$ cat query.cif   # mmCIF, C-alpha atoms
data_entry
loop_
_atom_site.label_atom_id
_atom_site.label_comp_id
_atom_site.auth_asym_id
_atom_site.auth_seq_id
_atom_site.Cartn_x
_atom_site.Cartn_y
_atom_site.Cartn_z
CA MET A 2 97.88 -5.17 -146.97
CA VAL A 3 95.82 -1.98 -146.55
CA LEU A 4 94.10 -2.43 -149.92
CA ALA A 5 93.40 -6.12 -149.31
CA MET A 6 92.05 -5.34 -145.84
CA MET A 7 89.79 -2.57 -147.19
CA VAL A 8 88.28 -4.91 -149.80
CA PHE A 9 87.70 -7.56 -147.14
CA LEU A 10 86.17 -5.18 -144.56
CA ILE A 11 83.83 -3.53 -147.07
CA THR A 12 82.72 -6.96 -148.32
CA LEU A 13 82.13 -8.19 -144.76
CA ILE A 14 80.18 -5.04 -143.83
CA PHE A 15 77.83 -5.55 -146.78
CA VAL A 16 77.49 -9.27 -145.96
CA ILE A 17 76.31 -8.35 -142.46
CA TRP A 18 74.31 -5.26 -143.41
CA GLN A 19 72.56 -6.74 -146.48
CA PRO A 20 71.17 -3.37 -147.72
CA ARG A 21 68.00 -3.58 -149.83
CA GLY A 22 67.97 -7.35 -149.39
CA LEU A 23 71.37 -7.81 -151.06
CA GLN A 24 72.17 -11.48 -150.45
CA ILE A 25 75.41 -12.65 -148.88
CA GLY A 26 76.54 -14.68 -151.90
CA THR A 27 76.02 -11.79 -154.30
CA THR A 28 77.99 -9.49 -152.01
CA ALA A 29 80.85 -11.98 -151.72
CA ILE A 30 81.08 -12.41 -155.49
CA ILE A 31 81.11 -8.62 -155.98
CA GLY A 32 83.90 -8.45 -153.39
CA ALA A 33 85.85 -11.13 -155.26
CA ILE A 34 85.48 -9.24 -158.55
CA VAL A 35 86.71 -6.04 -156.89
CA ALA A 36 89.67 -7.95 -155.43
CA LEU A 37 90.52 -9.14 -158.95
CA LEU A 38 90.15 -5.67 -160.47
CA VAL A 39 92.38 -3.94 -157.91
CA GLY A 40 94.98 -6.69 -158.19
CA VAL A 41 95.02 -8.16 -154.67
CA VAL A 42 94.25 -11.58 -156.18
CA SER A 43 94.83 -13.15 -159.60
CA PHE A 44 92.78 -15.53 -161.72
CA THR A 45 95.19 -18.28 -160.64
CA ASP A 46 94.26 -17.52 -157.03
CA VAL A 47 90.57 -17.91 -157.92
CA PHE A 48 91.17 -21.42 -159.23
CA THR A 49 93.28 -22.21 -156.15
CA VAL A 50 90.39 -21.15 -153.90
CA ILE A 51 87.86 -23.17 -155.91
CA ASP A 52 90.13 -26.19 -155.57
CA ILE A 53 90.13 -25.71 -151.78
CA VAL A 54 86.41 -25.11 -151.22
CA TRP A 55 84.50 -27.00 -153.95
CA ASP A 56 84.20 -30.26 -151.99
CA ALA A 57 83.13 -28.50 -148.78
CA THR A 58 80.59 -26.31 -150.55
CA LEU A 59 78.94 -29.14 -152.51
CA ALA A 60 78.89 -31.34 -149.41
CA PHE A 61 77.25 -28.54 -147.44
CA ILE A 62 74.51 -28.15 -150.09
CA GLY A 63 73.92 -31.89 -149.95
CA ILE A 64 73.62 -31.89 -146.16
CA ILE A 65 71.13 -29.03 -146.24
CA ILE A 66 69.01 -30.66 -148.98
CA LEU A 67 68.94 -33.88 -146.94
CA SER A 68 67.92 -31.87 -143.87
CA MET A 69 65.16 -30.09 -145.79
CA VAL A 70 63.68 -33.37 -147.03
CA LEU A 71 63.75 -34.82 -143.51
CA ASP A 72 62.11 -31.65 -142.24
CA GLU A 73 59.34 -31.99 -144.83
CA ILE A 74 58.72 -35.56 -143.61
CA GLY A 75 58.43 -34.31 -140.02
CA PHE A 76 61.62 -36.00 -138.81
CA PHE A 77 62.97 -33.10 -136.74
CA GLU A 78 59.60 -32.06 -135.32
CA TRP A 79 59.07 -35.66 -134.21
CA ALA A 80 62.47 -35.60 -132.48
CA ALA A 81 61.75 -32.26 -130.77
CA ILE A 82 58.41 -33.47 -129.39
CA LYS A 83 59.99 -36.74 -128.26
CA MET A 84 62.65 -34.81 -126.33
CA ALA A 85 60.07 -32.46 -124.78
CA LYS A 86 57.85 -35.33 -123.62
CA LEU A 87 60.86 -37.30 -122.38
CA SER A 88 61.50 -34.50 -119.88
CA GLY A 89 58.23 -35.32 -118.13
CA GLY A 90 57.44 -31.63 -117.79
CA ASN A 91 60.67 -30.85 -115.89
CA GLY A 92 61.97 -27.58 -117.36
CA HIS A 93 65.61 -28.21 -116.46
CA LYS A 94 65.54 -31.70 -117.95
CA MET A 95 63.95 -30.30 -121.09
CA PHE A 96 66.71 -27.68 -121.31
CA VAL A 97 69.37 -30.40 -121.22
CA TYR A 98 67.49 -32.70 -123.63
CA ILE A 99 67.05 -29.90 -126.17
CA LEU A 100 70.79 -29.23 -126.00
CA LEU A 101 71.49 -32.92 -126.60
CA LEU A 102 69.10 -32.91 -129.57
CA GLY A 103 70.87 -29.83 -130.95
CA ALA A 104 74.23 -31.59 -130.56
CA VAL A 105 73.01 -34.64 -132.51
CA VAL A 106 71.49 -32.50 -135.28
CA ALA A 107 74.69 -30.44 -135.56
CA ALA A 108 76.83 -33.59 -135.73
CA PHE A 109 74.95 -35.25 -138.58
CA PHE A 110 73.27 -32.31 -140.36
CA ALA A 111 75.82 -29.51 -139.77
CA ASN A 112 75.54 -26.44 -137.58
CA ASP A 113 73.79 -24.50 -140.34
CA GLY A 114 71.21 -27.28 -140.61
CA ALA A 115 70.55 -26.93 -136.89
CA ALA A 116 70.09 -23.17 -137.31
CA LEU A 117 67.84 -23.39 -140.36
CA ILE A 118 65.73 -26.42 -139.44
CA LEU A 119 65.65 -26.89 -135.68
CA THR A 120 65.34 -23.24 -134.56
CA PRO A 121 61.86 -22.53 -136.03
CA ILE A 122 60.57 -25.88 -134.71
CA LEU A 123 61.80 -25.16 -131.17
CA LEU A 124 60.45 -21.62 -131.28
CA ALA A 125 57.00 -22.82 -132.37
CA LYS A 126 56.90 -25.48 -129.66
CA MET A 127 58.01 -23.05 -126.92
CA LYS A 128 55.28 -20.59 -127.87
CA TYR A 129 52.80 -23.47 -127.93
CA LEU A 130 53.90 -24.39 -124.39
CA LYS A 131 53.30 -20.75 -123.37
CA MET A 132 56.78 -20.20 -122.00
CA LYS A 133 57.68 -16.78 -120.65
CA PRO A 134 59.93 -14.50 -122.78
CA LEU A 135 62.99 -15.01 -120.55
CA ALA A 136 62.60 -18.79 -120.78
CA ILE A 137 62.19 -18.64 -124.57
CA PHE A 138 65.33 -16.47 -124.79
CA ALA A 139 67.28 -18.97 -122.68
CA PHE A 140 66.22 -21.96 -124.79
CA LEU A 141 66.86 -20.13 -128.08
CA ILE A 142 70.33 -18.88 -127.10
CA ALA A 143 71.25 -22.32 -125.78
CA GLY A 144 69.97 -24.01 -128.94
CA GLY A 145 71.90 -21.59 -131.13
CA PHE A 146 75.07 -22.03 -129.08
CA ILE A 147 75.08 -25.83 -129.09
CA GLY A 148 74.69 -25.82 -132.88
CA ASP A 149 78.23 -24.47 -133.19
CA SER A 150 79.85 -25.80 -130.02
CA ALA A 151 78.88 -29.39 -130.93
CA SER A 152 79.72 -29.09 -134.64
CA SER A 153 83.20 -30.67 -134.48
CA PRO A 154 82.77 -34.48 -134.18
CA LEU A 155 82.58 -35.38 -137.88
CA VAL A 156 83.97 -33.91 -141.06
CA ILE A 157 80.39 -33.21 -142.21
CA SER A 158 79.38 -31.37 -139.02
CA ASN A 159 80.61 -27.96 -140.17
CA LEU A 160 81.76 -26.33 -143.38
CA THR A 161 85.00 -25.37 -141.61
CA ASN A 162 85.66 -29.06 -140.82
CA ILE A 163 85.26 -30.09 -144.46
CA VAL A 164 87.52 -27.28 -145.70
CA THR A 165 90.29 -28.15 -143.22
CA ALA A 166 90.02 -31.93 -143.68
CA GLY A 167 90.29 -31.41 -147.43
CA TYR A 168 93.18 -28.95 -147.15
CA PHE A 169 95.28 -31.28 -144.96
CA ASP A 170 93.95 -34.52 -146.50
CA ILE A 171 92.51 -35.78 -143.20
CA GLY A 172 90.36 -38.90 -143.57
CA PHE A 173 86.82 -39.26 -142.20
CA VAL A 174 87.78 -41.85 -139.56
CA GLU A 175 91.05 -40.14 -138.61
CA TYR A 176 89.21 -36.87 -138.08
CA ALA A 177 86.45 -38.48 -135.98
CA LYS A 178 88.98 -40.28 -133.74
CA ASN A 179 90.88 -37.07 -133.01
CA MET A 180 87.78 -34.96 -132.38
CA PHE A 181 85.67 -37.39 -130.35
CA LEU A 182 86.99 -36.34 -126.93
CA PRO A 183 87.22 -32.57 -127.61
CA ASN A 184 83.66 -32.54 -128.98
CA LEU A 185 82.34 -34.59 -126.05
CA LEU A 186 83.99 -32.15 -123.64
CA ALA A 187 82.53 -29.21 -125.61
CA ILE A 188 79.01 -30.66 -125.29
CA LEU A 189 79.35 -31.35 -121.56
CA ALA A 190 80.90 -27.94 -120.90
CA SER A 191 78.19 -26.23 -122.98
CA ILE A 192 75.41 -27.91 -121.00
CA VAL A 193 77.01 -27.00 -117.65
CA VAL A 194 77.90 -23.40 -118.53
CA LEU A 195 74.57 -22.68 -120.25
CA TRP A 196 72.59 -24.19 -117.36
CA ILE A 197 74.53 -22.14 -114.79
CA TYR A 198 74.00 -18.97 -116.81
CA PHE A 199 70.27 -19.47 -117.46
CA ARG A 200 69.22 -21.57 -114.44
CA LYS A 201 67.08 -18.78 -112.96
CA ASP A 202 65.18 -18.28 -116.24
CA ILE A 203 64.34 -21.94 -116.82
CA PRO A 204 60.89 -22.86 -115.45
CA PHE A 205 60.80 -25.77 -113.00
CA THR A 206 57.72 -27.27 -114.63
CA ILE A 207 56.31 -27.09 -118.14
CA ASP A 208 52.95 -28.53 -119.11
CA VAL A 209 53.77 -30.85 -122.00
CA SER A 210 50.38 -32.58 -121.98
CA ASN A 211 49.09 -30.26 -124.69
CA LEU A 212 51.84 -31.27 -127.10
CA PRO A 213 50.63 -33.60 -129.85
CA GLU A 214 51.85 -37.17 -129.96
CA ALA A 215 55.14 -37.32 -131.84
CA SER A 216 53.77 -39.83 -134.34
CA THR A 217 51.06 -37.39 -135.48
CA VAL A 218 53.56 -34.90 -136.95
CA ILE A 219 55.08 -37.47 -139.32
CA LYS A 220 53.79 -36.62 -142.79
CA ASN A 221 54.94 -39.76 -144.55
CA GLN A 222 55.34 -42.93 -142.49
CA THR A 223 57.07 -44.87 -145.27
CA MET A 224 59.76 -42.23 -145.76
CA PHE A 225 60.14 -41.72 -142.01
CA LYS A 226 60.90 -45.41 -141.46
CA PHE A 227 63.16 -45.50 -144.52
CA SER A 228 65.05 -42.42 -143.25
CA TRP A 229 66.70 -44.36 -140.44
CA PHE A 230 67.97 -47.01 -142.82
CA PHE A 231 69.14 -44.41 -145.33
CA LEU A 232 71.02 -42.35 -142.73
CA ALA A 233 72.83 -45.49 -141.55
CA LEU A 234 73.63 -46.34 -145.17
CA LEU A 235 74.92 -42.81 -145.75
CA MET A 236 77.26 -43.03 -142.75
CA THR A 237 78.55 -46.34 -144.12
CA GLY A 238 79.12 -44.55 -147.42
CA TYR A 239 81.28 -41.93 -145.71
CA LEU A 240 83.41 -44.70 -144.21
CA VAL A 241 83.74 -46.49 -147.57
CA GLY A 242 84.59 -43.18 -149.22
CA ASP A 243 87.29 -42.61 -146.62
CA PHE A 244 88.83 -46.00 -147.42
CA TYR A 245 88.99 -45.15 -151.14
CA ASN A 246 89.92 -41.49 -150.52
CA LEU A 247 86.79 -40.18 -152.25
CA PRO A 248 85.57 -36.58 -151.75
CA VAL A 249 82.98 -36.27 -148.98
CA SER A 250 80.65 -34.42 -151.37
CA VAL A 251 80.23 -37.59 -153.45
CA PHE A 252 78.19 -39.08 -150.61
CA ALA A 253 76.80 -35.90 -149.02
CA LEU A 254 75.40 -34.40 -152.22
CA GLY A 255 74.95 -37.68 -154.09
CA GLY A 256 73.15 -39.23 -151.13
CA ALA A 257 70.93 -36.18 -150.71
CA LEU A 258 69.85 -36.25 -154.37
CA ILE A 259 69.08 -39.98 -154.18
CA PHE A 260 67.07 -39.41 -150.99
CA LEU A 261 65.26 -36.51 -152.67
CA ALA A 262 64.37 -38.74 -155.63
CA ILE A 263 63.04 -41.49 -153.33
CA ALA A 264 61.02 -38.93 -151.35
CA ASN A 265 59.56 -37.66 -154.62
CA HIS A 266 58.60 -41.21 -155.58
CA TYR A 267 56.60 -41.52 -152.35
CA LYS A 268 55.07 -38.05 -152.84
CA ALA A 269 56.75 -36.77 -149.66
CA VAL A 270 58.31 -33.66 -151.24
CA LYS A 271 58.25 -31.48 -154.34
CA PRO A 272 61.86 -31.79 -155.54
CA ILE A 273 61.96 -28.66 -157.68
CA MET A 274 60.80 -26.53 -154.76
CA THR A 275 63.31 -28.21 -152.42
CA ILE A 276 66.23 -27.62 -154.78
CA LYS A 277 65.16 -24.01 -155.33
CA ALA A 278 64.91 -23.48 -151.57
CA ALA A 279 68.41 -24.86 -150.95
CA PRO A 280 70.86 -22.15 -149.80
CA TRP A 281 72.67 -21.72 -153.10
CA GLN A 282 73.83 -18.31 -151.97
CA VAL A 283 76.20 -20.15 -149.62
CA VAL A 284 78.03 -21.52 -152.69
CA TRP A 285 78.72 -18.03 -153.99
CA PHE A 286 79.44 -16.83 -150.45
CA SER A 287 82.06 -19.55 -149.90
CA VAL A 288 83.87 -19.01 -153.19
CA GLY A 289 83.57 -15.22 -153.21
CA LEU A 290 84.61 -14.55 -149.62
CA TYR A 291 87.49 -17.01 -149.82
CA VAL A 292 88.79 -15.23 -152.92
CA VAL A 293 88.65 -11.94 -151.01
CA VAL A 294 90.44 -13.54 -148.06
CA TYR A 295 93.12 -14.96 -150.35
CA GLY A 296 94.02 -11.36 -151.01
CA LEU A 297 94.89 -11.03 -147.31
CA LYS A 298 97.08 -14.11 -147.65
CA ASN A 299 98.86 -12.56 -150.63
CA ALA A 300 99.36 -9.39 -148.60
CA GLY A 301 101.21 -11.31 -145.90
CA LEU A 302 98.61 -11.89 -143.18
CA THR A 303 99.27 -15.63 -143.05
CA ASP A 304 103.00 -14.95 -142.59
CA VAL A 305 102.21 -12.80 -139.56
CA ILE A 306 99.89 -15.42 -138.05
CA ALA A 307 102.42 -18.18 -138.77
CA SER A 308 105.03 -16.22 -136.81
CA TRP A 309 102.61 -16.00 -133.86
CA ILE A 310 102.03 -19.77 -133.96
CA ILE A 311 105.78 -20.43 -134.10
CA HIS A 312 106.19 -18.20 -131.04
CA LEU A 313 103.43 -20.11 -129.21
CA ASN A 314 105.24 -23.38 -130.00
CA THR A 315 108.25 -22.21 -128.02
CA TYR A 316 106.17 -22.47 -124.83
CA GLY A 317 105.33 -26.15 -125.31
CA ASP A 318 102.50 -28.17 -126.83
CA ALA A 319 99.81 -27.25 -124.30
CA ILE A 320 100.29 -23.49 -124.67
CA ALA A 321 100.56 -23.84 -128.47
CA ILE A 322 97.27 -25.77 -128.68
CA ILE A 323 95.33 -23.48 -126.35
CA GLY A 324 96.92 -20.36 -127.85
CA THR A 325 96.14 -21.43 -131.43
CA GLY A 326 92.56 -22.28 -130.50
CA PHE A 327 91.95 -18.90 -128.87
CA LEU A 328 93.77 -17.07 -131.67
CA SER A 329 91.44 -18.71 -134.17
CA ALA A 330 88.45 -17.93 -131.93
CA ILE A 331 89.29 -14.23 -131.58
CA ILE A 332 89.93 -13.76 -135.30
CA SER A 333 86.70 -15.65 -136.11
CA SER A 334 84.64 -13.48 -133.79
CA ILE A 335 85.97 -10.36 -135.52
CA MET A 336 86.14 -11.35 -139.19
CA ASN A 337 83.86 -14.42 -139.40
CA ASN A 338 84.99 -18.04 -139.14
CA MET A 339 84.74 -18.79 -142.87
CA PRO A 340 87.70 -16.61 -143.86
CA THR A 341 89.46 -17.38 -140.57
CA ILE A 342 89.60 -21.12 -141.15
CA MET A 343 91.36 -20.64 -144.49
CA ILE A 344 93.81 -18.04 -143.19
CA MET A 345 94.67 -20.20 -140.19
CA ASP A 346 94.94 -23.39 -142.28
CA ILE A 347 97.43 -21.72 -144.61
CA ALA A 348 99.38 -20.30 -141.66
CA ILE A 349 99.59 -23.69 -139.92
CA ASP A 350 100.65 -25.25 -143.22
CA GLN A 351 103.46 -22.68 -143.43
CA VAL A 352 104.56 -23.59 -139.90
CA GLY A 353 104.53 -27.27 -140.90
CA TYR A 354 101.65 -29.74 -140.59
CA VAL A 355 103.74 -32.77 -139.57
CA GLY A 356 104.27 -32.63 -135.83
CA ASN A 357 101.65 -29.91 -135.46
CA GLU A 358 98.52 -31.96 -136.18
CA ALA A 359 96.92 -30.93 -132.87
CA LEU A 360 97.13 -27.28 -133.97
CA VAL A 361 94.92 -28.10 -136.97
CA TYR A 362 92.21 -29.45 -134.67
CA ALA A 363 92.70 -26.55 -132.26
CA ASN A 364 92.06 -24.22 -135.19
CA ILE A 365 88.83 -26.05 -136.00
CA LEU A 366 87.62 -25.84 -132.39
CA GLY A 367 88.49 -22.15 -132.27
CA SER A 368 86.75 -21.45 -135.58
CA ASN A 369 83.65 -23.40 -134.53
CA LEU A 370 83.31 -22.09 -130.99
CA GLY A 371 84.94 -18.66 -131.12
CA PRO A 372 82.29 -17.17 -133.44
CA LYS A 373 79.71 -17.51 -130.66
CA MET A 374 81.23 -14.46 -128.99
CA THR A 375 79.76 -12.10 -131.60
CA PRO A 376 76.75 -12.15 -133.96
CA ILE A 377 79.01 -11.85 -137.02
CA GLY A 378 81.27 -14.75 -136.07
CA SER A 379 79.70 -17.48 -138.16
CA LEU A 380 77.33 -18.00 -141.05
CA ALA A 381 75.25 -20.28 -138.80
CA THR A 382 74.71 -17.44 -136.31
CA LEU A 383 73.77 -15.00 -139.06
CA LEU A 384 71.28 -17.57 -140.42
CA TRP A 385 69.98 -18.23 -136.92
CA LEU A 386 69.37 -14.53 -136.26
CA HIS A 387 67.73 -14.18 -139.68
CA VAL A 388 65.39 -17.12 -139.01
CA LEU A 389 64.40 -15.66 -135.63
CA ALA A 390 63.83 -12.19 -137.12
CA GLN A 391 61.50 -13.74 -139.71
CA LYS A 392 59.55 -15.30 -136.83
CA GLY A 393 59.25 -11.95 -135.05
CA VAL A 394 61.99 -12.56 -132.45
CA LYS A 395 64.56 -9.75 -132.37
CA ILE A 396 67.81 -10.38 -130.49
CA THR A 397 70.06 -7.32 -130.41
CA TRP A 398 73.84 -7.48 -130.74
CA GLY A 399 74.17 -6.29 -127.15
CA GLU A 400 71.88 -9.03 -125.83
CA TYR A 401 73.73 -11.63 -127.83
CA MET A 402 77.27 -10.56 -126.90
CA LYS A 403 76.36 -10.23 -123.23
CA VAL A 404 75.85 -13.98 -123.26
CA GLY A 405 78.36 -15.04 -125.91
CA LEU A 406 81.39 -13.32 -124.40
CA VAL A 407 80.74 -14.99 -121.04
CA ILE A 408 79.90 -18.56 -122.01
CA THR A 409 82.22 -19.12 -125.00
CA PRO A 410 85.74 -18.90 -123.47
CA PRO A 411 85.28 -21.54 -120.73
CA VAL A 412 83.64 -24.00 -123.14
CA LEU A 413 86.43 -23.49 -125.71
CA LEU A 414 89.10 -23.97 -123.05
CA VAL A 415 87.58 -27.26 -121.87
CA ALA A 416 87.28 -28.50 -125.48
CA LEU A 417 90.92 -27.61 -126.24
CA LEU A 418 92.08 -29.57 -123.16
CA GLY A 419 90.81 -32.66 -125.00
CA LEU A 420 93.62 -32.22 -127.53
CA ILE A 421 96.43 -32.10 -124.98
#
$ encode --input "query.cif" --output "structure tokens"
Amino acid sequence: MVLAMMVFLITLIFVIWQPRGLQIGTTAIIGAIVALLVGVVSFTDVFTVIDIVWDATLAFIGIIILSMVLDEIGFFEWAAIKMAKLSGGNGHKMFVYILLLGAVVAAFFANDGAALILTPILLAKMKYLKMKPLAIFAFLIAGGFIGDSASSPLVISNLTNIVTAGYFDIGFVEYAKNMFLPNLLAILASIVVLWIYFRKDIPFTIDVSNLPEASTVIKNQTMFKFSWFFLALLMTGYLVGDFYNLPVSVFALGGALIFLAIANHYKAVKPIMTIKAAPWQVVWFSVGLYVVVYGLKNAGLTDVIASWIIHLNTYGDAIAIIGTGFLSAIISSIMNNMPTIMIMDIAIDQVGYVGNEALVYANILGSNLGPKMTPIGSLATLLWLHVLAQKGVKITWGEYMKVGLVITPPVLLVALLGLI
């Protein structure tokens, strides 16, 4: 256990630190190689991990490529301007509308898509509207928070969702039915808690008259109009795939490549540049870090967590669901939600999936929301902080945790009540 934990902690430290620009995927693969060399995992374990994460990882790449093409067309900038103008210059309405936009983007384009695509657009628009620093901070934190808190409604909304749905063979429709209410409660609770926390920093009025008309930011009208049809077709594909038990990546990645080809035909994007810009490091990160984490499983960590879940079950369903959700949240905030979701999935599987289905969804909610307590909790948060740093906005760990530790627990609790 000590050796496996050391390999994991050193890998995680380098993932967060990124010395000399060392990318997260490279670090994770190095960690996986070290785990193999010291014997905490075997080559068989590597293939087991690949079998667990391949669908989720390819689907994630597809979702991001689709998001990047839509961003090139001006789809998200159009939506952001529409939401800003819809507020009529009321700062509090705009705050709520931006959160709703973030929730929609997270649902259909994943939480990482919201972090990578929507954050720079919102930042640019807020600077254009000449908001004060405290107001910008409030909007940015809120936008970053909703990206994770609203990333549970669909299998495709978060990498953790895809991994868990694949591990327990949960269908697209079945998943959506079970997570509709918890996700709705998470969105409502997020809006209320974030507004209460930041209400004094949100300006009463914002001059939106200087914003350009939404239609002027669309770079390719043909592709923009086609996008709506294609997104509806893609959602239909997910439902058809669910009926025939097809991997979600068939439609997520396959659909993204088809959309990319059509966009290239209409000269809306440069496909080679788009593919190169896709976050391929996430592929190596997913496989590498999961291999490292599998070493913790081999060392007995999942047995320990399984015993905790069994103990929670003795207090009844409500305590078991809330306890499992917060257990997942705490572990995620400490050791990142990517390894947590696998460790917790395996532990719940050891307890027994049949009869404990709600615990699986509680784990997802905990892994999606819990990471917001710390900057290292999720890949989306790390990407979000990186994007902001590139734009000259520095948010310290202290500033982040001061907010995250206060607003996350009540939102998670409300979301978990939707499973009871």
$ closest_atom_pairs --input "query.cif" --of "range 176-226 of chain A" --to "range 71-84 of chain A" --cutoff "8 Å" --atoms "all atoms listed in the file" --output "tab-separated table"
residue	atom	partner	partner_atom	distance
A:Leu212	CA	A:Ile82	CA	7.3
A:Pro213	CA	A:Ile82	CA	7.8
A:Glu214	CA	A:Ile82	CA	7.6
A:Ala215	CA	A:Trp79	CA	4.9
A:Ser216	CA	A:Trp79	CA	6.7
A:Val218	CA	A:Gly75	CA	5.8
A:Ile219	CA	A:Gly75	CA	4.7
A:Lys220	CA	A:Ile74	CA	5.1
A:Asn221	CA	A:Ile74	CA	5.7
A:Met224	CA	A:Ile74	CA	7.1
A:Phe225	CA	A:Ile74	CA	6.5
$ write_last_selection --input "query.cif" --atoms "C-alpha atoms" --output "PDB file, keeping the file's coordinate frame"
ATOM      1  CA  LEU A 212      51.840 -31.270-127.100  1.00  0.00           C
ATOM      2  CA  PRO A 213      50.630 -33.600-129.850  1.00  0.00           C
ATOM      3  CA  GLU A 214      51.850 -37.170-129.960  1.00  0.00           C
ATOM      4  CA  ALA A 215      55.140 -37.320-131.840  1.00  0.00           C
ATOM      5  CA  SER A 216      53.770 -39.830-134.340  1.00  0.00           C
ATOM      6  CA  VAL A 218      53.560 -34.900-136.950  1.00  0.00           C
ATOM      7  CA  ILE A 219      55.080 -37.470-139.320  1.00  0.00           C
ATOM      8  CA  LYS A 220      53.790 -36.620-142.790  1.00  0.00           C
ATOM      9  CA  ASN A 221      54.940 -39.760-144.550  1.00  0.00           C
ATOM     10  CA  MET A 224      59.760 -42.230-145.760  1.00  0.00           C
ATOM     11  CA  PHE A 225      60.140 -41.720-142.010  1.00  0.00           C
TER      12      PHE A 225
END
$ resolve_selection --input "query.cif" --expression "the PyMOL selection byres ((chain A and resi 99) around 9)" --output "VMD selection string"
chain A and resid 81 84 to 85 94 to 98 100 to 104 123 140 143 to 144
$ write_last_selection --input "query.cif" --atoms "C-alpha atoms" --output "mmCIF file, keeping the file's coordinate frame"
data_model
loop_
_atom_site.group_PDB
_atom_site.id
_atom_site.type_symbol
_atom_site.label_atom_id
_atom_site.label_comp_id
_atom_site.auth_asym_id
_atom_site.auth_seq_id
_atom_site.Cartn_x
_atom_site.Cartn_y
_atom_site.Cartn_z
ATOM 1 C CA ALA A 81 61.750 -32.260 -130.770
ATOM 2 C CA MET A 84 62.650 -34.810 -126.330
ATOM 3 C CA ALA A 85 60.070 -32.460 -124.780
ATOM 4 C CA LYS A 94 65.540 -31.700 -117.950
ATOM 5 C CA MET A 95 63.950 -30.300 -121.090
ATOM 6 C CA PHE A 96 66.710 -27.680 -121.310
ATOM 7 C CA VAL A 97 69.370 -30.400 -121.220
ATOM 8 C CA TYR A 98 67.490 -32.700 -123.630
ATOM 9 C CA LEU A 100 70.790 -29.230 -126.000
ATOM 10 C CA LEU A 101 71.490 -32.920 -126.600
ATOM 11 C CA LEU A 102 69.100 -32.910 -129.570
ATOM 12 C CA GLY A 103 70.870 -29.830 -130.950
ATOM 13 C CA ALA A 104 74.230 -31.590 -130.560
ATOM 14 C CA LEU A 123 61.800 -25.160 -131.170
ATOM 15 C CA PHE A 140 66.220 -21.960 -124.790
ATOM 16 C CA ALA A 143 71.250 -22.320 -125.780
ATOM 17 C CA GLY A 144 69.970 -24.010 -128.940
#
$ resolve_selection --input "query.cif" --expression "the PyMOL selection byres ((chain A and resi 46) around 12)" --output "ChimeraX atom specification"
/A:33,36-37,40-45,47-53,288-289,291-299
$ write_last_selection --input "query.cif" --atoms "C-alpha atoms" --output "mmCIF file, keeping the file's coordinate frame"
data_model
loop_
_atom_site.group_PDB
_atom_site.id
_atom_site.type_symbol
_atom_site.label_atom_id
_atom_site.label_comp_id
_atom_site.auth_asym_id
_atom_site.auth_seq_id
_atom_site.Cartn_x
_atom_site.Cartn_y
_atom_site.Cartn_z
ATOM 1 C CA ALA A 33 85.850 -11.130 -155.260
ATOM 2 C CA ALA A 36 89.670 -7.950 -155.430
ATOM 3 C CA LEU A 37 90.520 -9.140 -158.950
ATOM 4 C CA GLY A 40 94.980 -6.690 -158.190
ATOM 5 C CA VAL A 41 95.020 -8.160 -154.670
ATOM 6 C CA VAL A 42 94.250 -11.580 -156.180
ATOM 7 C CA SER A 43 94.830 -13.150 -159.600
ATOM 8 C CA PHE A 44 92.780 -15.530 -161.720
ATOM 9 C CA THR A 45 95.190 -18.280 -160.640
ATOM 10 C CA VAL A 47 90.570 -17.910 -157.920
ATOM 11 C CA PHE A 48 91.170 -21.420 -159.230
ATOM 12 C CA THR A 49 93.280 -22.210 -156.150
ATOM 13 C CA VAL A 50 90.390 -21.150 -153.900
ATOM 14 C CA ILE A 51 87.860 -23.170 -155.910
ATOM 15 C CA ASP A 52 90.130 -26.190 -155.570
ATOM 16 C CA ILE A 53 90.130 -25.710 -151.780
ATOM 17 C CA VAL A 288 83.870 -19.010 -153.190
ATOM 18 C CA GLY A 289 83.570 -15.220 -153.210
ATOM 19 C CA TYR A 291 87.490 -17.010 -149.820
ATOM 20 C CA VAL A 292 88.790 -15.230 -152.920
ATOM 21 C CA VAL A 293 88.650 -11.940 -151.010
ATOM 22 C CA VAL A 294 90.440 -13.540 -148.060
ATOM 23 C CA TYR A 295 93.120 -14.960 -150.350
ATOM 24 C CA GLY A 296 94.020 -11.360 -151.010
ATOM 25 C CA LEU A 297 94.890 -11.030 -147.310
ATOM 26 C CA LYS A 298 97.080 -14.110 -147.650
ATOM 27 C CA ASN A 299 98.860 -12.560 -150.630
#
$ resolve_selection --input "query.cif" --expression "the PyMOL selection byres ((chain A and resi 27) around 10)" --output "list in words"
Phe15, Val16, Gln19, Leu23, Gln24, Ile25, Gly26, Thr28, Ala29, Ile30, Ile31, Gly32, Ala33, Gln282, Val283, Trp285, Phe286 and Gly289 of chain A
$ closest_residue --input "query.cif" --among "A:Asn246, A:Ser334, A:Asn357, A:Thr341" --to "Ile310 in chain A" --atoms "all atoms listed in the file"
A:Asn357
$ closest_residue --input "query.cif" --among "A:Met180, A:Leu119, A:Ala111, A:Ala125" --to "Ile157 in chain A" --atoms "all atoms listed in the file"
A:Ala111
$ residues_around --input "query.cif" --residues "Glu175 in chain A" --least-positions-apart "3" --cutoff "10 Å" --atoms "all atoms listed in the file" --output "short mmCIF file (atom, residue, chain, number, x, y, z; two decimals) with C-alpha atoms, in the frame of the given file"
data_model
loop_
_atom_site.label_atom_id
_atom_site.label_comp_id
_atom_site.auth_asym_id
_atom_site.auth_seq_id
_atom_site.Cartn_x
_atom_site.Cartn_y
_atom_site.Cartn_z
CA LEU A 155 82.58 -35.38 -137.88
CA VAL A 156 83.97 -33.91 -141.06
CA ALA A 166 90.02 -31.93 -143.68
CA ILE A 171 92.51 -35.78 -143.20
CA GLY A 172 90.36 -38.90 -143.57
CA LYS A 178 88.98 -40.28 -133.74
CA ASN A 179 90.88 -37.07 -133.01
CA MET A 180 87.78 -34.96 -132.38
CA ASP A 243 87.29 -42.61 -146.62
#
